[in-house]
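Shown next: work17.pdb, given as PDB, C-alpha atoms, pLDDT in the B column.
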MODEL        1
ATOM      1  CA  MET M   1       9.637  -3.631  18.628  1.00 34.00           C
ATOM      2  CA  GLY M   2      11.747  -6.796  18.600  1.00 36.00           C
ATOM      3  CA  LYS M   3      15.460  -6.862  18.025  1.00 34.00           C
ATOM      4  CA  SER M   4      15.037  -8.428  14.579  1.00 31.00           C
ATOM      5  CA  CYS M   5      13.179  -5.339  13.372  1.00 31.00           C
ATOM      6  CA  CYS M   6      16.037  -3.082  14.390  1.00 29.00           C
ATOM      7  CA  GLN M   7      18.917  -5.011  12.859  1.00 32.00           C
ATOM      8  CA  THR M   8      20.639  -3.911   9.669  1.00 30.00           C
ATOM      9  CA  PRO M   9      18.846  -5.304   6.601  1.00 35.00           C
ATOM     10  CA  GLU M  10      20.497  -8.309   5.023  1.00 37.00           C
ATOM     11  CA  PRO M  11      22.567  -7.886   1.864  1.00 36.00           C
ATOM     12  CA  ASP M  12      20.576  -7.639  -1.319  1.00 43.00           C
ATOM     13  CA  GLY M  13      20.885 -11.204  -2.505  1.00 44.00           C
ATOM     14  CA  ASN M  14      20.520 -12.899   0.883  1.00 49.00           C
ATOM     15  CA  ALA M  15      17.278 -11.235   1.886  1.00 52.00           C
ATOM     16  CA  HIS M  16      15.431 -12.429  -1.195  1.00 51.00           C
ATOM     17  CA  HIS M  17      16.417 -16.038  -0.434  1.00 58.00           C
ATOM     18  CA  ASN M  18      15.410 -15.670   3.198  1.00 70.00           C
ATOM     19  CA  PRO M  19      12.389 -17.908   4.069  1.00 81.00           C
ATOM     20  CA  ARG M  20      11.298 -15.289   6.615  1.00 83.00           C
ATOM     21  CA  TRP M  21      11.016 -12.655   3.862  1.00 79.00           C
ATOM     22  CA  ARG M  22       8.910 -14.989   1.718  1.00 83.00           C
ATOM     23  CA  LEU M  23       6.698 -15.914   4.658  1.00 89.00           C
ATOM     24  CA  ILE M  24       6.068 -12.247   5.442  1.00 86.00           C
ATOM     25  CA  LEU M  25       5.117 -11.636   1.807  1.00 86.00           C
ATOM     26  CA  TRP M  26       2.668 -14.551   1.877  1.00 91.00           C
ATOM     27  CA  ILE M  27       1.081 -13.237   5.079  1.00 92.00           C
ATOM     28  CA  ALA M  28       0.861  -9.748   3.576  1.00 89.00           C
ATOM     29  CA  LEU M  29      -0.626 -11.086   0.338  1.00 91.00           C
ATOM     30  CA  ILE M  30      -3.364 -13.069   2.102  1.00 94.00           C
ATOM     31  CA  ALA M  31      -4.168 -10.234   4.527  1.00 93.00           C
ATOM     32  CA  ASN M  32      -4.418  -7.664   1.735  1.00 90.00           C
ATOM     33  CA  ALA M  33      -6.562  -9.901  -0.483  1.00 91.00           C
ATOM     34  CA  ALA M  34      -8.953 -10.529   2.406  1.00 94.00           C
ATOM     35  CA  MET M  35      -9.151  -6.835   3.280  1.00 91.00           C
ATOM     36  CA  PHE M  36      -9.861  -5.961  -0.349  1.00 89.00           C
ATOM     37  CA  VAL M  37     -13.012  -8.100  -0.255  1.00 92.00           C
ATOM     38  CA  VAL M  38     -14.092  -6.717   3.134  1.00 93.00           C
ATOM     39  CA  GLU M  39     -13.418  -3.089   2.268  1.00 89.00           C
ATOM     40  CA  ILE M  40     -14.862  -3.011  -1.242  1.00 86.00           C
ATOM     41  CA  VAL M  41     -18.157  -4.457   0.059  1.00 92.00           C
ATOM     42  CA  ALA M  42     -18.213  -2.023   2.995  1.00 91.00           C
ATOM     43  CA  GLY M  43     -17.165   0.902   0.807  1.00 85.00           C
ATOM     44  CA  VAL M  44     -19.995   0.351  -1.652  1.00 83.00           C
ATOM     45  CA  ALA M  45     -22.492  -0.181   1.184  1.00 88.00           C
ATOM     46  CA  ALA M  46     -21.311   2.986   2.963  1.00 85.00           C
ATOM     47  CA  ASP M  47     -21.014   5.007  -0.290  1.00 82.00           C
ATOM     48  CA  SER M  48     -17.505   6.003   0.792  1.00 82.00           C
ATOM     49  CA  ARG M  49     -14.960   7.008  -1.855  1.00 78.00           C
ATOM     50  CA  ALA M  50     -12.160   6.766   0.712  1.00 78.00           C
ATOM     51  CA  LEU M  51     -13.046   3.161   1.644  1.00 83.00           C
ATOM     52  CA  GLN M  52     -13.409   2.121  -1.982  1.00 79.00           C
ATOM     53  CA  ALA M  53     -10.085   3.732  -2.850  1.00 77.00           C
ATOM     54  CA  ASP M  54      -8.430   1.967   0.077  1.00 80.00           C
ATOM     55  CA  ALA M  55      -9.996  -1.333  -1.022  1.00 82.00           C
ATOM     56  CA  LEU M  56      -8.476  -1.000  -4.474  1.00 75.00           C
ATOM     57  CA  ASP M  57      -5.174  -0.154  -2.818  1.00 77.00           C
ATOM     58  CA  PHE M  58      -5.411  -3.446  -0.889  1.00 85.00           C
ATOM     59  CA  PHE M  59      -6.036  -5.250  -4.185  1.00 80.00           C
ATOM     60  CA  GLY M  60      -3.053  -3.559  -5.827  1.00 75.00           C
ATOM     61  CA  ASP M  61      -0.833  -4.395  -2.881  1.00 80.00           C
ATOM     62  CA  ALA M  62      -1.870  -8.058  -2.938  1.00 83.00           C
ATOM     63  CA  ALA M  63      -0.889  -8.166  -6.612  1.00 76.00           C
ATOM     64  CA  ASN M  64       2.396  -6.413  -5.831  1.00 76.00           C
ATOM     65  CA  TYR M  65       3.238  -8.904  -3.090  1.00 81.00           C
ATOM     66  CA  ALA M  66       2.538 -11.731  -5.540  1.00 80.00           C
ATOM     67  CA  ILE M  67       4.935 -10.137  -8.033  1.00 75.00           C
ATOM     68  CA  SER M  68       7.578  -9.731  -5.322  1.00 74.00           C
ATOM     69  CA  LEU M  69       7.265 -13.426  -4.465  1.00 79.00           C
ATOM     70  CA  GLY M  70       7.621 -14.278  -8.132  1.00 75.00           C
ATOM     71  CA  VAL M  71      10.882 -12.355  -8.615  1.00 69.00           C
ATOM     72  CA  ALA M  72      12.415 -13.036  -5.182  1.00 65.00           C
ATOM     73  CA  GLY M  73      15.821 -14.614  -5.711  1.00 64.00           C
ATOM     74  CA  MET M  74      16.121 -13.447  -9.322  1.00 67.00           C
ATOM     75  CA  ALA M  75      18.841 -11.129 -10.573  1.00 71.00           C
ATOM     76  CA  LEU M  76      18.738  -7.493  -9.476  1.00 67.00           C
ATOM     77  CA  ALA M  77      17.777  -6.337 -12.983  1.00 73.00           C
ATOM     78  CA  TRP M  78      14.646  -8.495 -12.960  1.00 75.00           C
ATOM     79  CA  ARG M  79      13.675  -7.287  -9.509  1.00 72.00           C
ATOM     80  CA  ALA M  80      14.203  -3.688 -10.630  1.00 75.00           C
ATOM     81  CA  LYS M  81      11.971  -4.260 -13.654  1.00 77.00           C
ATOM     82  CA  ALA M  82       9.292  -5.703 -11.386  1.00 76.00           C
ATOM     83  CA  ALA M  83       9.625  -2.612  -9.190  1.00 75.00           C
ATOM     84  CA  LEU M  84       9.127  -0.380 -12.246  1.00 82.00           C
ATOM     85  CA  PHE M  85       5.924  -2.232 -13.045  1.00 81.00           C
ATOM     86  CA  LYS M  86       4.729  -1.799  -9.470  1.00 74.00           C
ATOM     87  CA  ALA M  87       5.567   1.904  -9.610  1.00 80.00           C
ATOM     88  CA  ALA M  88       3.370   2.133 -12.692  1.00 83.00           C
ATOM     89  CA  THR M  89       0.479   0.446 -10.861  1.00 77.00           C
ATOM     90  CA  MET M  90       0.881   2.849  -7.928  1.00 74.00           C
ATOM     91  CA  LEU M  91       0.795   5.756 -10.382  1.00 83.00           C
ATOM     92  CA  ALA M  92      -2.331   4.380 -12.074  1.00 81.00           C
ATOM     93  CA  PHE M  93      -4.026   3.906  -8.697  1.00 77.00           C
ATOM     94  CA  GLY M  94      -3.244   7.483  -7.682  1.00 77.00           C
ATOM     95  CA  LEU M  95      -4.618   8.938 -10.903  1.00 83.00           C
ATOM     96  CA  TRP M  96      -7.744   6.773 -10.701  1.00 79.00           C
ATOM     97  CA  VAL M  97      -8.481   7.876  -7.137  1.00 74.00           C
ATOM     98  CA  ILE M  98      -8.113  11.543  -8.075  1.00 78.00           C
ATOM     99  CA  GLY M  99     -10.601  11.065 -10.910  1.00 80.00           C
ATOM    100  CA  TYR M 100     -12.994   9.089  -8.727  1.00 72.00           C
ATOM    101  CA  ALA M 101     -12.902  11.720  -5.978  1.00 73.00           C
ATOM    102  CA  PHE M 102     -13.671  14.406  -8.553  1.00 75.00           C
ATOM    103  CA  TYR M 103     -16.574  12.303  -9.835  1.00 75.00           C
ATOM    104  CA  GLY M 104     -17.916  12.016  -6.289  1.00 68.00           C
ATOM    105  CA  LEU M 105     -17.704  15.782  -5.911  1.00 72.00           C
ATOM    106  CA  VAL M 106     -19.698  16.329  -9.108  1.00 74.00           C
ATOM    107  CA  ALA M 107     -22.179  13.456  -8.827  1.00 71.00           C
ATOM    108  CA  GLY M 108     -22.584  13.677  -5.056  1.00 68.00           C
ATOM    109  CA  SER M 109     -22.355  10.933  -2.430  1.00 69.00           C
ATOM    110  CA  ASN M 110     -23.583  10.198   1.080  1.00 73.00           C
ATOM    111  CA  PRO M 111     -20.858   8.345   3.016  1.00 79.00           C
ATOM    112  CA  GLU M 112     -21.833   6.545   6.224  1.00 83.00           C
ATOM    113  CA  SER M 113     -19.361   7.483   8.940  1.00 82.00           C
ATOM    114  CA  GLN M 114     -19.914   4.563  11.334  1.00 87.00           C
ATOM    115  CA  THR M 115     -19.058   1.931   8.733  1.00 88.00           C
ATOM    116  CA  MET M 116     -16.072   3.996   7.630  1.00 84.00           C
ATOM    117  CA  GLY M 117     -14.801   4.108  11.205  1.00 87.00           C
ATOM    118  CA  VAL M 118     -15.180   0.398  11.955  1.00 91.00           C
ATOM    119  CA  ILE M 119     -13.623  -0.774   8.686  1.00 90.00           C
ATOM    120  CA  GLY M 120     -10.946   1.906   8.946  1.00 86.00           C
ATOM    121  CA  VAL M 121      -9.840   0.591  12.348  1.00 90.00           C
ATOM    122  CA  LEU M 122      -9.742  -3.007  11.057  1.00 92.00           C
ATOM    123  CA  ALA M 123      -7.721  -1.982   7.992  1.00 89.00           C
ATOM    124  CA  LEU M 124      -5.315   0.046  10.132  1.00 89.00           C
ATOM    125  CA  ILE M 125      -4.640  -2.927  12.430  1.00 92.00           C
ATOM    126  CA  VAL M 126      -3.899  -5.178   9.455  1.00 91.00           C
ATOM    127  CA  ASN M 127      -1.617  -2.654   7.765  1.00 88.00           C
ATOM    128  CA  VAL M 128       0.311  -1.756  10.906  1.00 88.00           C
ATOM    129  CA  ILE M 129       1.026  -5.445  11.568  1.00 90.00           C
ATOM    130  CA  VAL M 130       2.231  -5.946   7.984  1.00 87.00           C
ATOM    131  CA  ALA M 131       4.297  -2.742   8.056  1.00 84.00           C
ATOM    132  CA  LEU M 132       6.018  -3.798  11.308  1.00 86.00           C
ATOM    133  CA  MET M 133       6.906  -7.168   9.788  1.00 85.00           C
ATOM    134  CA  LEU M 134       8.373  -5.458   6.711  1.00 81.00           C
ATOM    135  CA  PHE M 135      10.194  -2.701   8.613  1.00 82.00           C
ATOM    136  CA  ARG M 136      13.455  -4.644   8.656  1.00 80.00           C
ATOM    137  CA  TYR M 137      13.537  -4.734   4.845  1.00 74.00           C
ATOM    138  CA  ARG M 138      12.696  -1.075   4.177  1.00 72.00           C
ATOM    139  CA  GLU M 139      16.205  -0.249   2.884  1.00 71.00           C
ATOM    140  CA  GLY M 140      16.587  -3.165   0.490  1.00 66.00           C
ATOM    141  CA  ASP M 141      16.557  -2.945  -3.304  1.00 67.00           C
ATOM    142  CA  ALA M 142      13.798  -1.207  -5.259  1.00 66.00           C
ATOM    143  CA  ASN M 143      11.595  -4.285  -5.223  1.00 67.00           C
ATOM    144  CA  MET M 144      11.833  -4.703  -1.442  1.00 72.00           C
ATOM    145  CA  ARG M 145      11.510  -0.974  -0.894  1.00 74.00           C
ATOM    146  CA  SER M 146       8.346  -0.860  -3.016  1.00 71.00           C
ATOM    147  CA  VAL M 147       6.774  -3.469  -0.726  1.00 75.00           C
ATOM    148  CA  TRP M 148       7.666  -1.408   2.347  1.00 78.00           C
ATOM    149  CA  ILE M 149       6.390   1.837   0.771  1.00 76.00           C
ATOM    150  CA  CYS M 150       3.066   0.219  -0.125  1.00 73.00           C
ATOM    151  CA  SER M 151       2.592  -0.985   3.452  1.00 78.00           C
ATOM    152  CA  ARG M 152       3.703   2.329   4.955  1.00 78.00           C
ATOM    153  CA  ASN M 153       1.341   4.294   2.718  1.00 75.00           C
ATOM    154  CA  ASP M 154      -1.499   1.941   3.570  1.00 78.00           C
ATOM    155  CA  ALA M 155      -1.098   2.539   7.302  1.00 82.00           C
ATOM    156  CA  ILE M 156      -1.000   6.312   6.772  1.00 80.00           C
ATOM    157  CA  GLY M 157      -4.004   6.058   4.463  1.00 76.00           C
ATOM    158  CA  ASN M 158      -6.011   4.147   7.055  1.00 81.00           C
ATOM    159  CA  ILE M 159      -5.358   6.829   9.658  1.00 85.00           C
ATOM    160  CA  ALA M 160      -6.627   9.322   7.104  1.00 80.00           C
ATOM    161  CA  VAL M 161      -9.760   7.193   6.526  1.00 80.00           C
ATOM    162  CA  LEU M 162     -10.487   7.339  10.254  1.00 86.00           C
ATOM    163  CA  GLY M 163     -10.045  11.107  10.074  1.00 85.00           C
ATOM    164  CA  ALA M 164     -12.507  11.187   7.192  1.00 81.00           C
ATOM    165  CA  ALA M 165     -15.026   9.179   9.212  1.00 83.00           C
ATOM    166  CA  LEU M 166     -14.754  11.672  12.072  1.00 87.00           C
ATOM    167  CA  GLY M 167     -15.031  14.557   9.615  1.00 85.00           C
ATOM    168  CA  VAL M 168     -18.139  13.134   7.956  1.00 81.00           C
ATOM    169  CA  PHE M 169     -19.689  12.432  11.367  1.00 83.00           C
ATOM    170  CA  GLY M 170     -18.847  15.874  12.741  1.00 82.00           C
ATOM    171  CA  THR M 171     -19.803  17.972   9.726  1.00 82.00           C
ATOM    172  CA  GLY M 172     -22.481  15.842   8.095  1.00 79.00           C
ATOM    173  CA  GLN M 173     -20.860  16.659   4.745  1.00 80.00           C
ATOM    174  CA  VAL M 174     -19.100  14.647   2.066  1.00 77.00           C
ATOM    175  CA  TRP M 175     -15.923  16.706   1.636  1.00 80.00           C
ATOM    176  CA  PRO M 176     -13.833  14.918   4.345  1.00 80.00           C
ATOM    177  CA  ASP M 177     -14.335  11.622   2.508  1.00 79.00           C
ATOM    178  CA  LEU M 178     -13.298  13.146  -0.823  1.00 78.00           C
ATOM    179  CA  LEU M 179     -10.355  14.965   0.773  1.00 80.00           C
ATOM    180  CA  VAL M 180      -8.969  11.752   2.246  1.00 77.00           C
ATOM    181  CA  ALA M 181      -9.387   9.940  -1.065  1.00 76.00           C
ATOM    182  CA  SER M 182      -7.287  12.704  -2.643  1.00 78.00           C
ATOM    183  CA  ILE M 183      -4.632  12.404   0.083  1.00 77.00           C
ATOM    184  CA  MET M 184      -4.408   8.673  -0.581  1.00 74.00           C
ATOM    185  CA  ALA M 185      -3.924   9.431  -4.257  1.00 77.00           C
ATOM    186  CA  GLY M 186      -1.080  11.775  -3.364  1.00 79.00           C
ATOM    187  CA  LEU M 187       0.599   9.054  -1.280  1.00 74.00           C
ATOM    188  CA  ALA M 188       0.378   6.640  -4.205  1.00 74.00           C
ATOM    189  CA  LEU M 189       1.945   9.186  -6.580  1.00 83.00           C
ATOM    190  CA  TRP M 190       4.722   9.980  -4.107  1.00 80.00           C
ATOM    191  CA  GLY M 191       5.465   6.302  -3.508  1.00 74.00           C
ATOM    192  CA  ALA M 192       5.497   5.605  -7.248  1.00 80.00           C
ATOM    193  CA  ALA M 193       8.085   8.352  -7.767  1.00 83.00           C
ATOM    194  CA  GLU M 194      10.344   6.958  -5.005  1.00 78.00           C
ATOM    195  CA  VAL M 195      10.256   3.419  -6.366  1.00 76.00           C
ATOM    196  CA  PHE M 196      10.683   4.560  -9.980  1.00 82.00           C
ATOM    197  CA  VAL M 197      13.822   6.582  -9.208  1.00 83.00           C
ATOM    198  CA  GLN M 198      15.498   3.749  -7.283  1.00 78.00           C
ATOM    199  CA  ALA M 199      14.547   1.094  -9.834  1.00 79.00           C
ATOM    200  CA  ARG M 200      15.934   3.172 -12.706  1.00 83.00           C
ATOM    201  CA  ARG M 201      19.152   3.665 -10.761  1.00 81.00           C
ATOM    202  CA  GLU M 202      19.493  -0.074 -10.187  1.00 74.00           C
ATOM    203  CA  LEU M 203      18.833  -0.838 -13.851  1.00 78.00           C
ATOM    204  CA  ALA M 204      21.486   1.684 -14.887  1.00 79.00           C
ATOM    205  CA  HIS M 205      24.053   0.147 -12.521  1.00 73.00           C
ATOM    206  CA  GLY M 206      23.045  -3.365 -13.533  1.00 59.00           C
TER     207      GLY M 206
ENDMDL
END

Translate this file's structure into structure tokens.
Amino acid sequence: MGKSCCQTPEPDGNAHHNPRWRLILWIALIANAAMFVVEIVAGVAADSRALQADALDFFGDAANYAISLGVAGMALAWRAKAALFKAATMLAFGLWVIGYAFYGLVAGSNPESQTMGVIGVLALIVNVIVALMLFRYREGDANMRSVWICSRNDAIGNIAVLGAALGVFGTGQVWPDLLVASIMAGLALWGAAEVFVQARRELAHG
């Protein structure tokens, strides 16, 4: 990893005015929007709850990056409020995935492991690249931290999707796909709690 990724994050105000930070957000936004389209089509075709859940996560992240670009450079209170909104979207995503996984358990599904594996690898590559670019800013304010948490959770989630693909292939059953969808929901809920706590703290101090 390059030296720039290991340096101490810039002070709160400076980082949000940094052109490099904005450029990274634009790259992340475009990459996530593109992966949403790819993964939602593949997820429906493969009848995979895990892929569809990850696709919606890509969509949510693209929206979150757009919000971060919109509030970059604003006062800390505004950035904290944006982070609260993003925490709410992460919470909603987590609850939706839990419900969708339960629906798949009741209604039944037949996920296709090969498609899950190929798309899972592609999504992992994209998310790891984005996460490495954002690593330097992981200890910023709640808004910056929410961006890092989304990217970190995405990379972990993609590894889990690959595990689900192997599980479906090895067992011939649907439960690995549903299990991974539930794990992704748990990551979203955990991330939402982290961002919510920090954003509330910043609002109180502001």

Original post:
Using only C-alpha atoms, what residues lie at most 7 Å away from (-16.1, 2.2, 7.2) (file coordinates), given as a list in words?
Top reply: Ala42, Gly43, Ala46, Leu51, Ser113, Gln114, Thr115, Met116, Gly117, Val118, Ile119 and Gly120 of chain M

Just want the 10 Å neighbourhood of Phe85 (chain M), counted on all atoms listed in the file, with same-chain residues fewer than 4 positions away dropped. Output as a short mmCIF file (atom, residue, chain, number, x, y, z; two decimals) with C-alpha atoms, in the coordinates of the input.
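Saved as out-v1.cif:
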data_model
loop_
_atom_site.label_atom_id
_atom_site.label_comp_id
_atom_site.auth_asym_id
_atom_site.auth_seq_id
_atom_site.Cartn_x
_atom_site.Cartn_y
_atom_site.Cartn_z
CA ASN M 64 2.40 -6.41 -5.83
CA ILE M 67 4.93 -10.14 -8.03
CA ARG M 79 13.68 -7.29 -9.51
CA ALA M 80 14.20 -3.69 -10.63
CA LYS M 81 11.97 -4.26 -13.65
CA THR M 89 0.48 0.45 -10.86
CA MET M 90 0.88 2.85 -7.93
CA LEU M 91 0.80 5.76 -10.38
CA ASN M 143 11.60 -4.28 -5.22
CA ALA M 192 5.50 5.60 -7.25
CA VAL M 195 10.26 3.42 -6.37
CA PHE M 196 10.68 4.56 -9.98
CA ALA M 199 14.55 1.09 -9.83
#

Taking a cut-off of 7 Å and counting only C-alpha atoms, can you build a table that, for each residue of region 29-69 of chain M near region 162-177 of chain M, reports the nearest atom pair and how far apart they are in Å (one decimal), sorted by chain then residue number, as CSV?
residue,atom,partner,partner_atom,distance
M:Ser48,CA,M:Asp177,CA,6.7
M:Arg49,CA,M:Asp177,CA,6.4
M:Ala50,CA,M:Asp177,CA,5.6

Original post:
CA of Phe59 (chain M) and CA of Leu122 (chain M) are how many Å apart?
Top reply: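 Between CA of Phe59 (chain M) and CA of Leu122 (chain M) the gap works out to 15.8 Å.
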
Original post:
Between M:Ala123, M:Ala160, M:Ala204, M:Met144, which has the minimum distance to Val37 (chain M) (counting only C-alpha atoms)?
Top reply: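 Nearest to Val37 (chain M): M:Ala123.
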
**OP:** Please tell me which residues are no farther than 10 Å from (-17.1, 8.4, -7.0) in the file, counting only C-alpha atoms, and write them as a PyMOL selection string.
**Re:** chain M and resi 47-50+52-53+97-109+178+181

With C-alpha atoms kept, could you save the residues just selected as a short mmCIF file (atom, residue, chain, number, x, y, z; two decimals), keeping the file's coordinate frame?
data_model
loop_
_atom_site.label_atom_id
_atom_site.label_comp_id
_atom_site.auth_asym_id
_atom_site.auth_seq_id
_atom_site.Cartn_x
_atom_site.Cartn_y
_atom_site.Cartn_z
CA ASP M 47 -21.01 5.01 -0.29
CA SER M 48 -17.50 6.00 0.79
CA ARG M 49 -14.96 7.01 -1.86
CA ALA M 50 -12.16 6.77 0.71
CA GLN M 52 -13.41 2.12 -1.98
CA ALA M 53 -10.09 3.73 -2.85
CA VAL M 97 -8.48 7.88 -7.14
CA ILE M 98 -8.11 11.54 -8.07
CA GLY M 99 -10.60 11.06 -10.91
CA TYR M 100 -12.99 9.09 -8.73
CA ALA M 101 -12.90 11.72 -5.98
CA PHE M 102 -13.67 14.41 -8.55
CA TYR M 103 -16.57 12.30 -9.84
CA GLY M 104 -17.92 12.02 -6.29
CA LEU M 105 -17.70 15.78 -5.91
CA VAL M 106 -19.70 16.33 -9.11
CA ALA M 107 -22.18 13.46 -8.83
CA GLY M 108 -22.58 13.68 -5.06
CA SER M 109 -22.36 10.93 -2.43
CA LEU M 178 -13.30 13.15 -0.82
CA ALA M 181 -9.39 9.94 -1.06
#

Subject >> Contacts of region 18-35 of chain M at 7 Å (all atoms listed in the file; same-chain gap of 4+ positions) as a VMD selection string >> reply: chain M and resid 14 39 58 to 59 61 to 62 65 to 66 69 123 130 133

Write a file of the just-selected residues containing C-alpha atoms, as a CSV table (one decimal), in the frame of the given file.
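So the final result, stored in out06.csv, reads:
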chain,number,residue,atom,x,y,z
M,14,ASN,CA,20.5,-12.9,0.9
M,39,GLU,CA,-13.4,-3.1,2.3
M,58,PHE,CA,-5.4,-3.4,-0.9
M,59,PHE,CA,-6.0,-5.2,-4.2
M,61,ASP,CA,-0.8,-4.4,-2.9
M,62,ALA,CA,-1.9,-8.1,-2.9
M,65,TYR,CA,3.2,-8.9,-3.1
M,66,ALA,CA,2.5,-11.7,-5.5
M,69,LEU,CA,7.3,-13.4,-4.5
M,123,ALA,CA,-7.7,-2.0,8.0
M,130,VAL,CA,2.2,-5.9,8.0
M,133,MET,CA,6.9,-7.2,9.8

Subject >> Separation of CA of Val197 (chain M) from CA of Leu124 (chain M), in Å and rounded to one decimal >> reply: 28.0 Å

Go through the shown structure with the PyMOL selection byres ((chain M and resi 193) around 12) and write out the matching residues as a short mmCIF file (atom, residue, chain, number, x, y, z; two decimals) with C-alpha atoms, in the coordinates of the input.
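expr27.cif was written with the following content:
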data_model
loop_
_atom_site.label_atom_id
_atom_site.label_comp_id
_atom_site.auth_asym_id
_atom_site.auth_seq_id
_atom_site.Cartn_x
_atom_site.Cartn_y
_atom_site.Cartn_z
CA ALA M 83 9.62 -2.61 -9.19
CA LEU M 84 9.13 -0.38 -12.25
CA LYS M 86 4.73 -1.80 -9.47
CA ALA M 87 5.57 1.90 -9.61
CA ALA M 88 3.37 2.13 -12.69
CA THR M 89 0.48 0.45 -10.86
CA MET M 90 0.88 2.85 -7.93
CA LEU M 91 0.80 5.76 -10.38
CA ALA M 92 -2.33 4.38 -12.07
CA GLY M 94 -3.24 7.48 -7.68
CA ALA M 142 13.80 -1.21 -5.26
CA SER M 146 8.35 -0.86 -3.02
CA ILE M 149 6.39 1.84 0.77
CA GLY M 186 -1.08 11.78 -3.36
CA LEU M 187 0.60 9.05 -1.28
CA ALA M 188 0.38 6.64 -4.20
CA LEU M 189 1.94 9.19 -6.58
CA TRP M 190 4.72 9.98 -4.11
CA GLY M 191 5.46 6.30 -3.51
CA ALA M 192 5.50 5.60 -7.25
CA GLU M 194 10.34 6.96 -5.00
CA VAL M 195 10.26 3.42 -6.37
CA PHE M 196 10.68 4.56 -9.98
CA VAL M 197 13.82 6.58 -9.21
CA GLN M 198 15.50 3.75 -7.28
CA ALA M 199 14.55 1.09 -9.83
CA ARG M 200 15.93 3.17 -12.71
#

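Computed from the coordinates, the CA of Ile125 (chain M) to CA of Trp96 (chain M) distance equals 25.3 Å.
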
For the structure provided, state which residues fall under the PyMOL selection byres ((chain M and resi 154) around 9), and present them as a JSON list (two decimals) with C-alpha atoms, keeping the file's coordinate frame.
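result.json, freshly written:
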[["chain", "number", "residue", "atom", "x", "y", "z"],
["M", 54, "ASP", "CA", -8.43, 1.97, 0.08],
["M", 57, "ASP", "CA", -5.17, -0.15, -2.82],
["M", 58, "PHE", "CA", -5.41, -3.45, -0.89],
["M", 123, "ALA", "CA", -7.72, -1.98, 7.99],
["M", 124, "LEU", "CA", -5.32, 0.05, 10.13],
["M", 127, "ASN", "CA", -1.62, -2.65, 7.76],
["M", 128, "VAL", "CA", 0.31, -1.76, 10.91],
["M", 131, "ALA", "CA", 4.30, -2.74, 8.06],
["M", 149, "ILE", "CA", 6.39, 1.84, 0.77],
["M", 150, "CYS", "CA", 3.07, 0.22, -0.12],
["M", 151, "SER", "CA", 2.59, -0.98, 3.45],
["M", 152, "ARG", "CA", 3.70, 2.33, 4.96],
["M", 153, "ASN", "CA", 1.34, 4.29, 2.72],
["M", 155, "ALA", "CA", -1.10, 2.54, 7.30],
["M", 156, "ILE", "CA", -1.00, 6.31, 6.77],
["M", 157, "GLY", "CA", -4.00, 6.06, 4.46],
["M", 158, "ASN", "CA", -6.01, 4.15, 7.06],
["M", 159, "ILE", "CA", -5.36, 6.83, 9.66],
["M", 184, "MET", "CA", -4.41, 8.67, -0.58],
["M", 187, "LEU", "CA", 0.60, 9.05, -1.28]]

Original post:
Of the residues M:Gly70, M:Ala82, M:Val121, M:Ala185, which is the one nearest to Arg145 (chain M), using only C-alpha atoms?
Top reply: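 Of M:Gly70, M:Ala82, M:Val121, M:Ala185, the one nearest Arg145 (chain M) is M:Ala82, counting only C-alpha atoms.
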